[in-house]
Amino acid sequence: MRTAIVVLLLILTSTSAWAEKRVALVIGADRYEKMRPLRNAVNAARAMETTLTELGFDVFIESNRNLRRMRRALEDFEEDAAGADVALVFFAGHGVEIEGINRLLPTDADSTSLDTLKDTSLPLEDVRRIVARIAPTALIVVDACRNAPFGSSLEGGRGALLPEDSQVRISLGFGRMGSAENTLYAISAAPGETASDGDGENSPFAMALPRYLGKQGIGDARAGRADRG
């Protein structure tokens with residue numbers, strides 16, 4: 001987690017000298033309908049909105065969107081953010097790897113079957129393609145891969161189980177990100193690992209971001225400082 005934050009800090013610092021327009025789409029999902037709900041994903045999105053605003057980003061925020069509305073938010077973001085120098089998408093919620101493809105889970109994600117889960121999730125590659133079209137520097141920050149999305153639900157929520165034939169084909173952690181020109185990733189969990197939702201009001205990843213980014217600020221940050229953080 002710390003490595004991802006330091007990388008993000010270095011990316012933002014390196015672009016600050018020339019970036020004229022910075023835009024961000026921030027999405028948080030915790031009110032899952034058919035799997036384990038989360039406490040802190042929307043809180044993480046709000047914390048990221050505050051941090052990015054302090055760093056000079058124009059921020060568009062979405063909370064608890066189903067797949068259709070997540071795709072619509074990305075389409076609107078592409079239209080509204082045209083001509084930006086730096087474009088960033090942040091997602092907090094559930095995420096999984098299905099047969100080698102990393103996917104974000106909207107609130108209506110359905111694990112009734114493997115095919116249904118594919119049809120109701122958003123490939124991270126779709127997000128990358130859209131962000132890359134917006135700006136020459138594209139950043140994707142993901143606070144996902146929460147543990148046990150298909151396990152027992154939180155109090156008052158619902159749980160969902162993996163289909164029996166999908167146990168080997170779904171990983172609760174993301175796979176390694178392939179290289180993509182002009183696109184950089186910061187992920188809250190290492191490949192194949194999961195991230196905590198947190199016991200307080202926010203996830204550990206979202207709590208760390210303002211400490212590394214917001215308090216130092218883009219203009220004052222230095223690579224040496226990030227190395228010691």
# chains A, B, ... in the order shown; residues from 1 in each chain; ligands from 1
>>> residues_around(residues="segment 83-87 of chain A", least_positions_apart="6", cutoff="6 Å", atoms="only C-alpha atoms", output="list in words")
Ala19, Lys21, Arg22, Val23, Ala24, Ala135, Thr137 and Ala138 of chain A
>>> write_last_selection(atoms="C-alpha atoms", output="PDB file, in the first residue's frame")
ATOM      1  CA  ALA A  19      -0.104  20.516 -16.084  1.00  0.00           C
ATOM      2  CA  LYS A  21      -5.868  21.291 -16.326  1.00  0.00           C
ATOM      3  CA  ARG A  22      -6.326  18.337 -13.977  1.00  0.00           C
ATOM      4  CA  VAL A  23      -9.574  16.393 -13.807  1.00  0.00           C
ATOM      5  CA  ALA A  24     -10.703  13.428 -11.721  1.00  0.00           C
ATOM      6  CA  ALA A 135      -5.440  13.315 -21.363  1.00  0.00           C
ATOM      7  CA  THR A 137      -1.195  11.586 -18.590  1.00  0.00           C
ATOM      8  CA  ALA A 138      -3.716   9.075 -17.209  1.00  0.00           C
TER       9      ALA A 138
END
>>> residues_around(residues="Leu124 of chain A", least_positions_apart="2", cutoff="8 Å", atoms="only C-alpha atoms", output="PyMOL selection string")
chain A and resi 101-104+122+126-128
>>> write_last_selection(atoms="C-alpha atoms", output="PDB file, in the first residue's frame")
ATOM      1  CA  ILE A 101      -9.117  -9.782 -16.258  1.00  0.00           C
ATOM      2  CA  ASN A 102      -9.264  -7.235 -13.429  1.00  0.00           C
ATOM      3  CA  ARG A 103     -12.797  -5.986 -12.817  1.00  0.00           C
ATOM      4  CA  LEU A 104     -14.490  -3.351 -10.660  1.00  0.00           C
ATOM      5  CA  LEU A 122     -16.651  -3.382 -15.240  1.00  0.00           C
ATOM      6  CA  ASP A 126     -12.439  -0.213 -20.134  1.00  0.00           C
ATOM      7  CA  VAL A 127     -11.634   2.482 -17.575  1.00  0.00           C
ATOM      8  CA  ARG A 128      -8.049   2.719 -18.819  1.00  0.00           C
TER       9      ARG A 128
END
>>> atom_distance(atom1="atom CA of Ala109 of chain A", atom2="atom CA of Asn66 of chain A")
7.7 Å
>>> closest_residue(among="A:Ile130, A:Ala186, A:Val59, A:Val141", to="Glu78 of chain A", atoms="only C-alpha atoms")
A:Ile130
>>> select_by_dssp(residues="segment 2-93 of chain A", states="helix (DSSP H, G or I)", output="MDAnalysis selection string")
chainID A and resid 2:16 41:54 67:80
>>> closest_atom_pairs(of="segment 19-75 of chain A", to="segment 91-94 of chain A", cutoff="7 Å", atoms="only C-alpha atoms", output="CSV")
residue,atom,partner,partner_atom,distance
A:Val26,CA,A:Phe91,CA,6.1
A:Ile27,CA,A:Phe91,CA,4.8
A:Gly28,CA,A:Ala92,CA,4.7
A:Ala29,CA,A:Gly93,CA,4.9
A:Asp30,CA,A:Gly93,CA,6.1
A:Ala41,CA,A:Ala92,CA,5.0
A:Ala44,CA,A:Ala92,CA,6.6
A:Ala45,CA,A:Ala92,CA,6.3
>>> residues_around(residues="Thr183 of chain A", least_positions_apart="3", cutoff="9 Å", atoms="only C-alpha atoms", output="PyMOL selection string")
chain A and resi 128+131-132+136-140+179-180
>>> write_last_selection(atoms="N, CA and C atoms", output="mmCIF file, in the first residue's frame")
data_model
loop_
_atom_site.group_PDB
_atom_site.id
_atom_site.type_symbol
_atom_site.label_atom_id
_atom_site.label_comp_id
_atom_site.auth_asym_id
_atom_site.auth_seq_id
_atom_site.Cartn_x
_atom_site.Cartn_y
_atom_site.Cartn_z
ATOM 1 N N ARG A 128 -9.334 2.233 -18.294
ATOM 2 C CA ARG A 128 -8.049 2.719 -18.819
ATOM 3 C C ARG A 128 -8.200 3.335 -20.204
ATOM 4 N N VAL A 131 -9.837 6.843 -19.858
ATOM 5 C CA VAL A 131 -8.964 7.845 -19.256
ATOM 6 C C VAL A 131 -7.834 8.208 -20.210
ATOM 7 N N ALA A 132 -7.303 7.232 -20.924
ATOM 8 C CA ALA A 132 -6.205 7.494 -21.853
ATOM 9 C C ALA A 132 -6.637 8.385 -23.008
ATOM 10 N N PRO A 136 -3.081 13.249 -21.958
ATOM 11 C CA PRO A 136 -1.804 12.574 -22.229
ATOM 12 C C PRO A 136 -1.214 11.876 -21.015
ATOM 13 N N THR A 137 -1.608 12.281 -19.805
ATOM 14 C CA THR A 137 -1.195 11.586 -18.590
ATOM 15 C C THR A 137 -2.443 11.051 -17.902
ATOM 16 N N ALA A 138 -2.544 9.722 -17.789
ATOM 17 C CA ALA A 138 -3.716 9.075 -17.209
ATOM 18 C C ALA A 138 -3.312 8.334 -15.946
ATOM 19 N N LEU A 139 -4.070 8.547 -14.867
ATOM 20 C CA LEU A 139 -3.811 7.911 -13.582
ATOM 21 C C LEU A 139 -5.054 7.144 -13.139
ATOM 22 N N ILE A 140 -4.852 5.907 -12.681
ATOM 23 C CA ILE A 140 -5.951 5.099 -12.164
ATOM 24 C C ILE A 140 -5.584 4.653 -10.758
ATOM 25 N N SER A 179 1.580 -3.261 -18.997
ATOM 26 C CA SER A 179 2.065 -1.919 -19.326
ATOM 27 C C SER A 179 1.113 -1.249 -20.297
ATOM 28 N N ALA A 180 0.913 0.035 -20.108
ATOM 29 C CA ALA A 180 0.048 0.815 -20.980
ATOM 30 C C ALA A 180 0.653 2.198 -21.143
#
